[in-house]
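Here is the structure we will look at, set down as structure tokens.
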Amino acid sequence: MIPLGMGRDGERTRAPTAAGATPPRAWRRAGAGLVLAGAVLLAAGCTGAGQPAATAPSPASSAAPAQAVSPAQAVSPAQRKAAARSYLAIARPANRRLETDFDGLDDHRGDLAAARADLRDAAATERQFDRRLLALKLPAATETVARLLVTANEARARLTTAAAAASTSLSQLHRYEPRLTAANQPVEEAVRVIRSQMRLPPPETS
């Protein structure tokens, strides 16, 4: 899972990102979810360079030139830095906790109870990150993407909880890996957009 969205500056990179972390083994690889990822990019109104665009063009007006960003939508460097600091303040501890949980899945290869406990804790961490993210004061465009990130992350947390609750053997638990891997991609895409808008380096993925 990509629970919380950290990157090269110390945020989560291996576990699923609540905001963007990825689980061990196959769970750390990117999956599907391109429909929601596309919705994230459209909602953000991002250009190829990660800059906020004036509007997301409709199919009927895609050939029309982009309009200038209104003063009300402009974000000052100070506002952007403040948003980035507050985002990293919640992402870093969440990423560290997710790293511990998903490293534990690798370490507890023969212990089903411990592996299920790791998954439950990962899901709880993702949900806590979501609550804290929604409480942040973010620029309007970033807030839009953050809400899509929370939607994707909550879906992943529900799947993680289901894997922990339903698995009666390690082999059954690992059969959830493809679905959990697929659930990572929309979260990762949203995290990349948020970090781009905040002028943060992109998250690392394995």
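Labels used: A, B, ... for chains in the order of the structure tokens, numbers from 1 for residues in each chain, and numbers from 1 for ligands as shown.
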Skip Leu105 of chain A itself and residues of its chain fewer than 4 positions away, then list as a list in words all residues within 7 Å of it, counting only C-alpha atoms.
->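 Near Leu105 of chain A, the qualifying residues are Asp101, Arg109, Ala115 and Asp118 of chain A.
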With N, CA and C atoms retained, could you export that selection as a short mmCIF file (atom, residue, chain, number, x, y, z; two decimals), in the first residue's frame?
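Saved the output as again-v3.cif:
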```
data_model
loop_
_atom_site.label_atom_id
_atom_site.label_comp_id
_atom_site.auth_asym_id
_atom_site.auth_seq_id
_atom_site.Cartn_x
_atom_site.Cartn_y
_atom_site.Cartn_z
N ASP A 101 5.33 -1.61 10.08
CA ASP A 101 4.29 -2.62 9.88
C ASP A 101 4.63 -3.55 8.71
N ARG A 109 7.11 -14.13 8.61
CA ARG A 109 6.69 -15.00 7.51
C ARG A 109 5.97 -16.25 8.01
N ALA A 115 1.33 -11.18 11.56
CA ALA A 115 1.11 -10.57 10.25
C ALA A 115 -0.24 -9.86 10.21
N ASP A 118 0.03 -6.65 12.08
CA ASP A 118 0.72 -5.63 11.28
C ASP A 118 -0.24 -4.97 10.29
#
```
Could you list, with a cut-off of 12 Å and counting only C-alpha atoms, the residues of segment 88-109 of chain A near segment 125-142 of chain A, each shown with its nearest atom pair and the distance in Å rounded to one decimal, rows sorted by chain and ascending number, as JSON lines?
```
{"residue": "A:Leu88", "atom": "CA", "partner": "A:Leu133", "partner_atom": "CA", "distance": 10.2}
{"residue": "A:Ala89", "atom": "CA", "partner": "A:Arg132", "partner_atom": "CA", "distance": 10.0}
{"residue": "A:Ile90", "atom": "CA", "partner": "A:Phe129", "partner_atom": "CA", "distance": 6.7}
{"residue": "A:Ala91", "atom": "CA", "partner": "A:Phe129", "partner_atom": "CA", "distance": 7.2}
{"residue": "A:Arg92", "atom": "CA", "partner": "A:Phe129", "partner_atom": "CA", "distance": 10.1}
{"residue": "A:Pro93", "atom": "CA", "partner": "A:Phe129", "partner_atom": "CA", "distance": 9.4}
{"residue": "A:Ala94", "atom": "CA", "partner": "A:Thr125", "partner_atom": "CA", "distance": 6.3}
{"residue": "A:Asn95", "atom": "CA", "partner": "A:Thr125", "partner_atom": "CA", "distance": 8.8}
{"residue": "A:Arg96", "atom": "CA", "partner": "A:Thr125", "partner_atom": "CA", "distance": 10.1}
{"residue": "A:Arg97", "atom": "CA", "partner": "A:Thr125", "partner_atom": "CA", "distance": 7.3}
{"residue": "A:Leu98", "atom": "CA", "partner": "A:Thr125", "partner_atom": "CA", "distance": 7.1}
{"residue": "A:Glu99", "atom": "CA", "partner": "A:Thr125", "partner_atom": "CA", "distance": 10.9}
{"residue": "A:Thr100", "atom": "CA", "partner": "A:Thr125", "partner_atom": "CA", "distance": 11.2}
{"residue": "A:Asp101", "atom": "CA", "partner": "A:Thr125", "partner_atom": "CA", "distance": 9.6}
{"residue": "A:Phe102", "atom": "CA", "partner": "A:Thr125", "partner_atom": "CA", "distance": 11.8}
```
Go through A:Glu177, A:Glu189, A:Asp106, A:Glu154 and flag the residue nearest Ala124 of chain A, using only C-alpha atoms for the distances.
->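 That would be A:Glu154, the residue with the smallest distance to Ala124 of chain A.
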Pick out the residues sitting within 10 Å of Ala162 of chain A, and hand them over as a tab-separated table (two decimals) with N, CA and C atoms, in the first residue's frame; count only C-alpha atoms, and ignore anything fewer than 4 positions along from it in its own chain.
```tsv
chain	number	residue	atom	x	y	z
A	116	ARG	N	-1.27	-10.48	10.77
A	116	ARG	CA	-2.59	-9.85	10.80
A	116	ARG	C	-2.56	-8.58	11.65
A	119	LEU	N	-1.07	-5.77	9.64
A	119	LEU	CA	-2.02	-5.23	8.67
A	119	LEU	C	-3.06	-4.33	9.35
A	120	ARG	N	-3.54	-4.76	10.50
A	120	ARG	CA	-4.53	-3.93	11.22
A	120	ARG	C	-3.91	-2.59	11.62
A	123	ALA	N	-3.64	-0.31	8.56
A	123	ALA	CA	-4.93	0.29	8.21
A	123	ALA	C	-5.28	1.43	9.16
A	156	ARG	N	-8.22	1.47	0.28
A	156	ARG	CA	-7.10	0.57	0.54
A	156	ARG	C	-7.10	0.10	1.99
A	157	ALA	N	-7.41	1.01	2.91
A	157	ALA	CA	-7.45	0.64	4.32
A	157	ALA	C	-8.54	-0.41	4.58
A	158	ARG	N	-9.68	-0.25	3.92
A	158	ARG	CA	-10.74	-1.26	4.09
A	158	ARG	C	-10.28	-2.62	3.58
A	166	ALA	N	-10.06	-11.73	7.37
A	166	ALA	CA	-10.54	-12.93	6.68
A	166	ALA	C	-9.49	-14.02	6.54
A	167	SER	N	-8.23	-13.68	6.69
A	167	SER	CA	-7.17	-14.65	6.43
A	167	SER	C	-7.00	-15.60	7.60
A	173	LEU	N	-3.67	-15.04	3.24
A	173	LEU	CA	-3.35	-13.63	3.38
A	173	LEU	C	-2.60	-13.12	2.15
A	176	TYR	N	-4.21	-11.85	-1.11
A	176	TYR	CA	-4.69	-10.48	-1.20
A	176	TYR	C	-3.67	-9.56	-1.85
```
Residues near Ala190 of chain A, cut-off 7 Å, only C-alpha atoms, skip fewer than 2 positions along chain, as an mmCIF file with N, CA, C and O atoms, in the first residue's frame:
```cif
data_model
loop_
_atom_site.group_PDB
_atom_site.id
_atom_site.type_symbol
_atom_site.label_atom_id
_atom_site.label_comp_id
_atom_site.auth_asym_id
_atom_site.auth_seq_id
_atom_site.Cartn_x
_atom_site.Cartn_y
_atom_site.Cartn_z
ATOM 1 N N ALA A 37 -6.679 7.643 -10.903
ATOM 2 C CA ALA A 37 -5.483 8.462 -11.073
ATOM 3 C C ALA A 37 -5.746 9.584 -12.070
ATOM 4 O O ALA A 37 -5.327 10.720 -11.876
ATOM 5 N N VAL A 40 -7.715 12.254 -10.473
ATOM 6 C CA VAL A 40 -6.870 13.084 -9.615
ATOM 7 C C VAL A 40 -6.223 14.185 -10.433
ATOM 8 O O VAL A 40 -6.219 15.355 -10.056
ATOM 9 N N VAL A 145 -7.203 17.485 -4.518
ATOM 10 C CA VAL A 145 -6.465 16.231 -4.703
ATOM 11 C C VAL A 145 -6.372 15.464 -3.385
ATOM 12 O O VAL A 145 -6.451 14.230 -3.365
ATOM 13 N N LEU A 149 -7.249 11.656 -2.641
ATOM 14 C CA LEU A 149 -6.278 10.771 -1.997
ATOM 15 C C LEU A 149 -6.915 10.037 -0.825
ATOM 16 O O LEU A 149 -6.739 8.819 -0.657
ATOM 17 N N PRO A 186 -3.671 4.416 -7.250
ATOM 18 C CA PRO A 186 -4.364 5.710 -7.150
ATOM 19 C C PRO A 186 -3.793 6.583 -6.030
ATOM 20 O O PRO A 186 -3.737 7.805 -6.172
ATOM 21 N N VAL A 187 -3.378 5.958 -4.933
ATOM 22 C CA VAL A 187 -2.802 6.721 -3.829
ATOM 23 C C VAL A 187 -1.476 7.333 -4.268
ATOM 24 O O VAL A 187 -1.188 8.510 -4.014
ATOM 25 N N GLU A 188 -0.644 6.539 -4.925
ATOM 26 C CA GLU A 188 0.653 7.023 -5.373
ATOM 27 C C GLU A 188 0.504 8.187 -6.350
ATOM 28 O O GLU A 188 1.248 9.172 -6.277
ATOM 29 N N ARG A 192 1.873 12.024 -5.769
ATOM 30 C CA ARG A 192 2.786 12.696 -6.705
ATOM 31 C C ARG A 192 2.267 14.088 -7.068
ATOM 32 O O ARG A 192 3.034 15.054 -7.145
ATOM 33 N N VAL A 193 0.951 14.187 -7.301
ATOM 34 C CA VAL A 193 0.376 15.490 -7.656
ATOM 35 C C VAL A 193 0.497 16.460 -6.489
ATOM 36 O O VAL A 193 0.897 17.623 -6.661
ATOM 37 N N ILE A 194 0.156 16.009 -5.291
ATOM 38 C CA ILE A 194 0.241 16.883 -4.113
ATOM 39 C C ILE A 194 1.663 17.373 -3.909
ATOM 40 O O ILE A 194 1.915 18.563 -3.680
#
```
Using only C-alpha atoms, which of A:Glu143, A:Asp121, A:Asp111, A:Asp103 sits nearest Val191 of chain A?
->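 Going through A:Glu143, A:Asp121, A:Asp111, A:Asp103 one by one, the smallest distance to Val191 of chain A is for A:Glu143.
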Would you work out the distance separating atom CA of His108 of chain A from atom CA of Ala165 of chain A, expressed in Å to one decimal?
->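 That distance, rounded to one decimal, is 16.7 Å.
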Atom CA of Gly104 of chain A and atom CA of Tyr87 of chain A are how many Å apart?
->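 Value for the atom CA of Gly104 of chain A-atom CA of Tyr87 of chain A distance: 25.8 Å.
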Find the distance between atom CA of Ala122 of chain A and atom CA of Ala82 of chain A and write it in Å to one decimal.
->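 Interatomic distance, atom CA of Ala122 of chain A to atom CA of Ala82 of chain A: 27.4 Å.
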